[in-house]
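K.L.:
Here it is, the structure in full.
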Amino acid sequence: MTVAPPSPAEAARAQAIAWIGQAPKRLLIGGQWVDAVSGKTFETLNPATEQLLCRVAEAEQADVDAAVAAARKAFEAPSWSAMSPHSRTRALLRIADKVEAHIPELAAIESLDNGMPLWYATAAATACADIFRYYAGWCSKVLGTTIPSDGSTLIYTLREPLGVCGQIIPWNVPVLMASIKFANALCCGNTVVLKPAELACLTSIRLAELIQETDLPPGVINVLPGFGPTAGAALAQHLGVDKIAFTGSTAVGKQVVRDATSNLKKVTLELGGKAPNVVFADADLDKAIATAVKTFCGNSGQVCSAGTRLFVQESIHDEVAERVASEAATWKAGDPFAADTKLGPLISARQRDRVWSYIGAGQESGAALRLGGKAWNGPGYFVEPTVFDNVKNGMKIAQEEIFGPVLSIIPFKDEDDAVLQGNETTYGLSAAVWTRDVSRAHKVVKALKAGRLWINTFGEADPAMAFGGYKQSGWGREFGAESIEAYTQAKSVMVRL
Ligand code: NAI
Ligand code: MG
C-alpha cells in the first residue's frame with residue numbers, strides 16, 4: 001500500500017507543530033533565550049480549536065529592565081553603532097533571505113496561533129521578506145542635509161538613530177507587525193525591545209530565532225512576550241527607552257502616550273480605523289464588490305485599515321447590498337488549513353463576544369441585517385460574515401471599530417455627501433473611492449481625511465507607501481521616507497570656517 005505524500009499545507013502544519021512542541025518558549029535578552037525572572041509562564045491557544053498550543057515565558061518589569069540594558073549595550077557597541085551602512089544593508093538582506101526560506105513554517109505557526117487561514121498567513125509572511133529588503137535599501141540613504149550659509153560657515157545636519165526602541169505590537173497580523181517594526185528600527189541603526197501580544201506571540205519568537213541565526217550582534221533585538229499592563233506598560237514608562245512604537249487600540253495608545261511622559265521618549269502610534277470605502281454609481285461594480293467583501297472579511301475583519309463603512313450611492317444601494325451579501329456568503333469559515341477556507345476564527349472568546357455585542361447593537365439600532373447573525377456551532381471563536389445595510393453613519397456600528405467581519409452599508413447622495421459622511425468619524429487611517437470619473441476620484445481622495453487612500457482598489461500595500469493615521473488613528477507614519485524620520489533624529493552642526 002502506498003501512502004500519499006502530505007500536501008504542502010499538511011507538511012507546513014507538521015513542521016509548525018514540531019517547533020511549537022520543542023523546548024519552552026522563552027524571552028530573548030542580549031542574545032540569550034532565558035526564562036522570566038519570576039519564572040512565570042502563560043498559555044497561548046489555537047483560536048480555531050480553543051486548545052492549548054504551548055506555554056510561553058511571561059516578561060514583567062525585571063525582564064524589561066534586563067532587555068533595555070541589553071539593548072542599550074548593543075546600541076553603544078561598535079559592532080552595531082560603527083557598522084557601515086552597507087554592512088547593515090547586508091545584515092537586513094540576510095534576514096530577508098532567512099524569512100523567505102521559512103515562509104511556509106512562519107505561516108503555519110501564525111495560522112495555528114492566531115487562527116488566520118493559511119492562505120492569508122502565507123501572504124503576510126511573504127510580505128515580510130520584501131519589507132526587510134525595502135528597509136535594507138534605506139540603510140545607505142538616511143541622509144542629512146547641507147544648509148545654505150554666507151560662506152564663512154558650513155552648516156549641515158546629521159540624521160542619527162534614536163537609540164533603544166520599545167515596540168509593542170498586536171495579535172492581528174503578528175509576523176508582519178514584528179517585521180515592520182524590526183526592519184524600520186534596525187535600518188536606522190537603533191536597537192529594539194519588542195513586546196508581542198499575549199494572544200499570538202509565537203511567530204515573533206520564531207522570527208527572532210531566525211534573525212539570531214543571521215549573526216546580528218547580541219542585544220540588537222530583544223523579544224519579551226508578556227501582557228500589556230505589566231510588560232507593555234513597563235516598556236512605555238521605562239527611563240532607558242528612547243522611543244516607543246505602538247500598534248493596537250486607540251484606548252491603549254492614549255495610555256502609552258501618558259506613560260511615555262516619564263522621560264518624554266518619542267512616540268509613534270498606529271491605532272484603530274473605521275475606513276470609508278466609497279462606491280459611486282459609475283464604478284466598475286464587479287471589482288468594487290469583490291474588493292469590498294475582501295476588505296471586511298479578510299483576516300475576519302481584524303485589520304485596522306479594513307473598509308468597514310461601505311458608502312454606496314443611493315441609486316445603486318439595493319443592488320450593491322444584495323451582491324455584497326451574496327459574495328460575502330461565499331466566505332466559508334472553517335479549518336484554517338483547509339484549502340477552501342476563506343475565513344478563520346476571531347482571536348479570542350473575548351473578541352468574539354465583543355463582535356457579537358456589536359451585531360446586537362446593530363439590530364437594536366434599526367439597521368437592516370442582510371447577512372449573518374447566526375451563532376457558530378462548534379469549537380473555535382468563529383463569527384460568519386455579517387452585513388448591515390441602510391445603516392446611518394451616526395449609529396454605533398458605523399462609528400466604533402468592531403474588529404470582526406461586520407460591514408455597515410451606508411447610502412449617500414452625491415460627492416459632497418460622501419465626503420461629509422466619510423469624514424464623520426474620530427478615525428482617519430485609510431479610505432477608498434471607486435469611480436470611473438478621474439477628476440472626481442482625485443477630488444474625493446483629497447477631501448477624505450485619512451493617511452492612506454486608494455482609488456479603484458482597497459487594501460493593497462507597498463512598503464514604499466507611508467501608512468499611518470489622521471485624527472485618532474495615530475501619530476507618525478510607518479513605511480516610506482516618513483518612517484525613516486520616525487526612527488531618527490536630526491542633529492545640526494555649524495562650523496566656523
Ligand atoms: P490592545 O490595544 O489591548 O493590544 C495591543 C497590544 O497592546 C498588545 O501587545 C497588548 O499586550 C498591549 N497593551 C495592552 N495594554 C497595554 C498597556 N497598558 N500598556 C502597553 N501595552 C499594552 O488591543 P486588544 O484589547 O487586544 O483588542 C481590543 C480592540 O483593540 C480590538 O477590538 C480592536 O478594535 C483594537 N485593536 C486594534 C488594532 C490595530 O491594529 N489598530 C490591533 C489590535 C486591537
Ligand atoms: Mg494564540
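By convention in this document, the chains of the C-alpha cells carry letters A, B, ... by their order, each chain's residues are numbered from 1, and ligands are numbered from 1 in the order they are shown.
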Could you tell me, counting only C-alpha atoms and all ligand atoms, which protein and nucleic acid residues lie no more than 6 Å from ligand 1, written as a VMD selection string?
P.N.:
chain A and resid 168 to 170 172 196 to 198 227 to 229 232 to 233 247 to 249 252 256 271 to 272 304 401 to 403
K.L.:
Just the residues within 10 Å of Trp475 (chain A), please, counting only C-alpha atoms, with nothing from its chain fewer than 6 positions along; format it as a list in words.
P.N.:
Ala245, Phe246, Gly253, Val267, Thr268, Leu269, Glu270, Leu271, Gly468, Gly469 and Ala486 of chain A
K.L.:
Using only C-alpha atoms and all ligand atoms for the distances, tell me which of A:Ser38, A:Thr426, A:Ser81, A:Asn114 is nearest to ligand 2.
P.N.:
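When distances to ligand 2 are compared using only C-alpha atoms and all ligand atoms, the smallest one comes from A:Asn114.
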K.L.:
For ligand 2, collect every residue having any atom at a distance of at most 10 Å from a ligand atom (counting only C-alpha atoms and all ligand atoms); output as a list in words.
P.N.:
Glu43, Thr44, Leu45, Asn46, Pro47, Ala48, Glu50, Gln51, Leu52, Leu53, Cys54, Ile109, Glu110, Ser111, Leu112, Asp113, Asn114, Gly115, Trp171, Ala197, Glu198, Leu199, Ala200, Cys201, Leu202, Ile347 and Ser348 of chain A
K.L.:
Export N, CA and C atoms of the chosen residues as a CSV table (one decimal), in the first residue's frame?
P.N.:
```csv
chain,number,residue,atom,x,y,z
A,43,GLU,N,-0.3,30.8,28.8
A,43,GLU,CA,-0.7,29.9,27.7
A,43,GLU,C,-1.0,30.7,26.4
A,44,THR,N,-0.7,30.0,25.3
A,44,THR,CA,-1.2,30.6,24.1
A,44,THR,C,-2.1,29.4,23.4
A,45,LEU,N,-3.2,29.8,22.9
A,45,LEU,CA,-4.2,28.9,22.4
A,45,LEU,C,-4.3,28.9,20.9
A,46,ASN,N,-4.9,27.9,20.3
A,46,ASN,CA,-5.3,27.9,18.9
A,46,ASN,C,-6.8,28.3,18.9
A,47,PRO,N,-7.0,29.5,18.3
A,47,PRO,CA,-8.4,30.0,18.4
A,47,PRO,C,-9.4,29.2,17.5
A,48,ALA,N,-8.9,28.4,16.6
A,48,ALA,CA,-9.8,27.6,15.8
A,48,ALA,C,-10.3,26.3,16.5
A,50,GLU,N,-9.7,26.1,20.2
A,50,GLU,CA,-9.7,26.6,21.6
A,50,GLU,C,-8.8,25.7,22.5
A,51,GLN,N,-7.8,25.0,21.8
A,51,GLN,CA,-6.9,24.2,22.6
A,51,GLN,C,-5.6,24.8,22.8
A,52,LEU,N,-4.9,24.4,23.9
A,52,LEU,CA,-3.6,24.9,24.3
A,52,LEU,C,-2.6,24.5,23.2
A,53,LEU,N,-1.8,25.5,22.8
A,53,LEU,CA,-0.7,25.2,21.9
A,53,LEU,C,0.6,25.0,22.7
A,54,CYS,N,0.9,25.9,23.6
A,54,CYS,CA,2.1,25.8,24.4
A,54,CYS,C,2.1,26.9,25.5
A,109,ILE,N,2.8,28.5,11.7
A,109,ILE,CA,2.8,28.9,13.1
A,109,ILE,C,1.8,30.0,13.4
A,110,GLU,N,1.8,31.0,12.5
A,110,GLU,CA,0.8,32.1,12.6
A,110,GLU,C,-0.6,31.6,12.6
A,111,SER,N,-0.8,30.7,11.6
A,111,SER,CA,-2.2,30.2,11.4
A,111,SER,C,-2.6,29.4,12.7
A,112,LEU,N,-1.7,28.7,13.3
A,112,LEU,CA,-2.1,27.9,14.5
A,112,LEU,C,-2.3,28.9,15.7
A,113,ASP,N,-1.5,29.9,15.8
A,113,ASP,CA,-1.5,30.7,17.0
A,113,ASP,C,-2.6,31.8,16.9
A,114,ASN,N,-2.8,32.3,15.7
A,114,ASN,CA,-3.8,33.4,15.5
A,114,ASN,C,-5.1,33.0,14.9
A,115,GLY,N,-5.1,31.8,14.2
A,115,GLY,CA,-6.3,31.3,13.6
A,115,GLY,C,-6.6,31.7,12.2
A,171,TRP,N,-2.0,41.4,18.0
A,171,TRP,CA,-2.1,40.0,17.6
A,171,TRP,C,-2.7,39.7,16.2
A,197,ALA,N,2.1,40.6,21.3
A,197,ALA,CA,0.8,40.5,22.0
A,197,ALA,C,0.7,39.1,22.7
A,198,GLU,N,0.1,39.1,23.9
A,198,GLU,CA,0.0,37.8,24.6
A,198,GLU,C,-0.9,36.8,23.9
A,199,LEU,N,-1.8,37.3,23.0
A,199,LEU,CA,-2.7,36.3,22.4
A,199,LEU,C,-2.1,35.6,21.2
A,200,ALA,N,-1.0,36.1,20.6
A,200,ALA,CA,-0.4,35.5,19.5
A,200,ALA,C,1.1,36.0,19.4
A,201,CYS,N,2.0,35.3,20.1
A,201,CYS,CA,3.4,35.8,20.2
A,201,CYS,C,4.3,34.8,19.5
A,202,LEU,N,3.9,33.7,19.0
A,202,LEU,CA,4.8,32.6,18.6
A,202,LEU,C,5.6,33.0,17.3
A,347,ILE,N,-9.7,36.1,17.3
A,347,ILE,CA,-8.5,35.7,18.1
A,347,ILE,C,-8.9,35.1,19.4
A,348,SER,N,-10.0,35.5,20.0
A,348,SER,CA,-10.3,35.0,21.4
A,348,SER,C,-11.8,35.0,21.6
```
K.L.:
Run DSSP on the backbone and grab whatever in region 413-475 of chain A lands in strand (DSSP E or B); send it over as a ChimeraX atom specification.
P.N.:
/A:430-434,452-455,467,474-475
K.L.:
Quick one: write out the picked residues with N, CA, C and O atoms as a PDB file, in the first residue's frame?
P.N.:
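File written: selection-v5.pdb
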```
ATOM      1  N   SER A 430      -7.475  55.004   6.795  1.00  0.00           N
ATOM      2  CA  SER A 430      -7.469  54.698   5.366  1.00  0.00           C
ATOM      3  C   SER A 430      -8.851  54.983   4.787  1.00  0.00           C
ATOM      4  O   SER A 430      -9.817  55.172   5.527  1.00  0.00           O
ATOM      5  N   ALA A 431      -8.916  54.999   3.445  1.00  0.00           N
ATOM      6  CA  ALA A 431     -10.175  55.271   2.763  1.00  0.00           C
ATOM      7  C   ALA A 431      -9.999  54.940   1.286  1.00  0.00           C
ATOM      8  O   ALA A 431      -8.865  54.879   0.801  1.00  0.00           O
ATOM      9  N   ALA A 432     -11.123  54.714   0.608  1.00  0.00           N
ATOM     10  CA  ALA A 432     -11.033  54.436  -0.827  1.00  0.00           C
ATOM     11  C   ALA A 432     -12.226  55.024  -1.557  1.00  0.00           C
ATOM     12  O   ALA A 432     -13.291  55.242  -0.968  1.00  0.00           O
ATOM     13  N   VAL A 433     -12.026  55.249  -2.862  1.00  0.00           N
ATOM     14  CA  VAL A 433     -13.113  55.719  -3.710  1.00  0.00           C
ATOM     15  C   VAL A 433     -13.100  54.915  -5.008  1.00  0.00           C
ATOM     16  O   VAL A 433     -12.040  54.604  -5.556  1.00  0.00           O
ATOM     17  N   TRP A 434     -14.298  54.533  -5.430  1.00  0.00           N
ATOM     18  CA  TRP A 434     -14.488  53.767  -6.664  1.00  0.00           C
ATOM     19  C   TRP A 434     -15.317  54.598  -7.630  1.00  0.00           C
ATOM     20  O   TRP A 434     -16.486  54.916  -7.348  1.00  0.00           O
ATOM     21  N   ARG A 452      -3.961  56.841   4.380  1.00  0.00           N
ATOM     22  CA  ARG A 452      -3.690  56.041   3.174  1.00  0.00           C
ATOM     23  C   ARG A 452      -4.979  55.904   2.376  1.00  0.00           C
ATOM     24  O   ARG A 452      -5.997  55.489   2.912  1.00  0.00           O
ATOM     25  N   LEU A 453      -4.885  56.258   1.109  1.00  0.00           N
ATOM     26  CA  LEU A 453      -6.061  56.274   0.239  1.00  0.00           C
ATOM     27  C   LEU A 453      -5.866  55.358  -0.954  1.00  0.00           C
ATOM     28  O   LEU A 453      -4.747  55.192  -1.428  1.00  0.00           O
ATOM     29  N   TRP A 454      -6.970  54.845  -1.432  1.00  0.00           N
ATOM     30  CA  TRP A 454      -6.921  54.054  -2.666  1.00  0.00           C
ATOM     31  C   TRP A 454      -7.984  54.545  -3.636  1.00  0.00           C
ATOM     32  O   TRP A 454      -9.073  54.980  -3.219  1.00  0.00           O
ATOM     33  N   ILE A 455      -7.684  54.462  -4.922  1.00  0.00           N
ATOM     34  CA  ILE A 455      -8.665  54.716  -5.968  1.00  0.00           C
ATOM     35  C   ILE A 455      -8.843  53.421  -6.749  1.00  0.00           C
ATOM     36  O   ILE A 455      -7.862  52.861  -7.258  1.00  0.00           O
ATOM     37  N   PHE A 467       2.192  54.700   5.775  1.00  0.00           N
ATOM     38  CA  PHE A 467       0.957  54.209   6.401  1.00  0.00           C
ATOM     39  C   PHE A 467       0.851  54.810   7.794  1.00  0.00           C
ATOM     40  O   PHE A 467       1.794  54.754   8.578  1.00  0.00           O
ATOM     41  N   GLY A 474      -3.701  57.789  14.922  1.00  0.00           N
ATOM     42  CA  GLY A 474      -2.295  57.643  15.278  1.00  0.00           C
ATOM     43  C   GLY A 474      -1.423  58.861  15.125  1.00  0.00           C
ATOM     44  O   GLY A 474      -1.886  59.939  14.744  1.00  0.00           O
ATOM     45  N   TRP A 475      -0.150  58.627  15.442  1.00  0.00           N
ATOM     46  CA  TRP A 475       0.907  59.630  15.307  1.00  0.00           C
ATOM     47  C   TRP A 475       2.007  59.047  14.452  1.00  0.00           C
ATOM     48  O   TRP A 475       2.473  57.934  14.712  1.00  0.00           O
TER      49      TRP A 475
END
```
K.L.:
So what do you get for CA of Ile211 (chain A) versus CA of Ile95 (chain A), distance-wise?
P.N.:
5.8 Å
K.L.:
Mind dumping a table of every region 296-345 of chain A residue within 9 Å of region 119-143 of chain A, with the nearest atom pair and its distance in Å to one decimal, using only C-alpha atoms, sorted by chain and rising number, as CSV?
P.N.:
```
residue,atom,partner,partner_atom,distance
A:Gly298,CA,A:Tyr120,CA,7.8
A:Asn299,CA,A:Tyr120,CA,7.1
A:Pro336,CA,A:Trp119,CA,8.4
A:Phe337,CA,A:Trp119,CA,8.2
A:Ala339,CA,A:Trp119,CA,8.1
A:Thr341,CA,A:Trp119,CA,8.8
A:Lys342,CA,A:Trp119,CA,8.1
```
K.L.:
Which residues are near Gly166 (chain A)? Cut-off 6 Å, only C-alpha atoms, ignore same chain within fewer than 4 positions. Put them as a PyMOL selection string.
P.N.:
chain A and resi 192-194+244
K.L.:
Leaving out Thr488 (chain A) and any residue of its chain fewer than 6 positions from it, which residues lie within 8 Å of it when counting only C-alpha atoms, given as a compact mmCIF listing (two decimals) with all heavy atoms, in the first residue's frame?
P.N.:
```txt
# COMPACT_ATOMS: atom_id res chain seq x y z
N ARG A 159 21.48 62.80 10.39
CA ARG A 159 20.31 62.06 10.90
C ARG A 159 20.83 60.87 11.67
O ARG A 159 21.47 59.99 11.11
CB ARG A 159 19.39 61.60 9.76
CG ARG A 159 18.49 62.71 9.26
CD ARG A 159 17.11 62.24 8.86
NE ARG A 159 16.19 62.17 9.98
CZ ARG A 159 15.50 63.21 10.48
NH1 ARG A 159 15.59 64.38 9.95
NH2 ARG A 159 14.70 63.04 11.51
N GLU A 160 20.56 60.85 12.94
CA GLU A 160 21.11 59.83 13.82
C GLU A 160 20.01 58.95 14.39
O GLU A 160 18.86 59.39 14.53
CB GLU A 160 21.89 60.51 14.95
CG GLU A 160 23.05 61.34 14.42
CD GLU A 160 23.99 61.84 15.50
OE1 GLU A 160 23.54 61.95 16.67
OE2 GLU A 160 25.15 62.11 15.17
N PRO A 161 20.37 57.72 14.73
CA PRO A 161 19.35 56.84 15.33
C PRO A 161 18.87 57.40 16.68
O PRO A 161 19.55 58.21 17.29
CB PRO A 161 20.07 55.51 15.52
CG PRO A 161 21.53 55.80 15.35
CD PRO A 161 21.65 57.05 14.55
N LEU A 162 17.71 56.94 17.12
CA LEU A 162 17.15 57.41 18.39
C LEU A 162 17.77 56.67 19.57
O LEU A 162 17.91 57.22 20.64
CB LEU A 162 15.64 57.21 18.40
CG LEU A 162 14.86 58.09 17.41
CD1 LEU A 162 13.43 57.59 17.27
CD2 LEU A 162 14.88 59.54 17.87
N CYS A 188 17.78 52.13 10.56
CA CYS A 188 18.23 53.45 11.02
C CYS A 188 19.29 53.35 12.12
O CYS A 188 19.71 54.38 12.66
CB CYS A 188 17.04 54.26 11.50
SG CYS A 188 15.82 54.59 10.23
```
K.L.:
So which residues touch Lys73 (chain A) within 10 Å, counting only C-alpha atoms, skipping near sequence neighbours fewer than 6 positions away, as a ChimeraX atom specification?
P.N.:
/A:30,67,80,164,191,218-220
K.L.:
So that I can see what lies close to Glu327 (chain A), please list as a list in words the residues with an atom at most 9 Å from it, counting only C-alpha atoms and leaving out residues fewer than 5 positions away in the same chain.
P.N.:
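Neighbouring residues, sequence-local ones excluded: Ile289, Ala290, Val293 and Glu322 of chain A.
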K.L.:
DSSP says helix (DSSP H, G or I) for which residues of region 253-389 of chain A? Put them as a PyMOL selection string?
P.N.:
chain A and resi 253-260+285-301+314-328+349-364
K.L.:
CA of Ala329 (chain A) to CA of Glu424 (chain A): how many Å, to one decimal?
P.N.:
29.1 Å
K.L.:
Counting only C-alpha atoms, what is within 7 Å of Ala12 (chain A), bar same-chain residues fewer than 6 positions away, as a list in words?
P.N.:
Pro104, Glu105 and Ala108 of chain A
K.L.:
Out of A:Met395, A:Ala349, A:Leu239, A:Val355, which residue has the shortest atom-to-atom distance to Ala367 (chain A) when counting only C-alpha atoms?
P.N.:
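Nearest candidate to Ala367 (chain A) out of A:Met395, A:Ala349, A:Leu239, A:Val355: A:Met395.
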K.L.:
Considering only C-alpha atoms, state which residue in the set A:Val37, A:Val68, A:Met116, A:Ala101 is at the smallest distance from Ala338 (chain A).
P.N.:
A:Met116
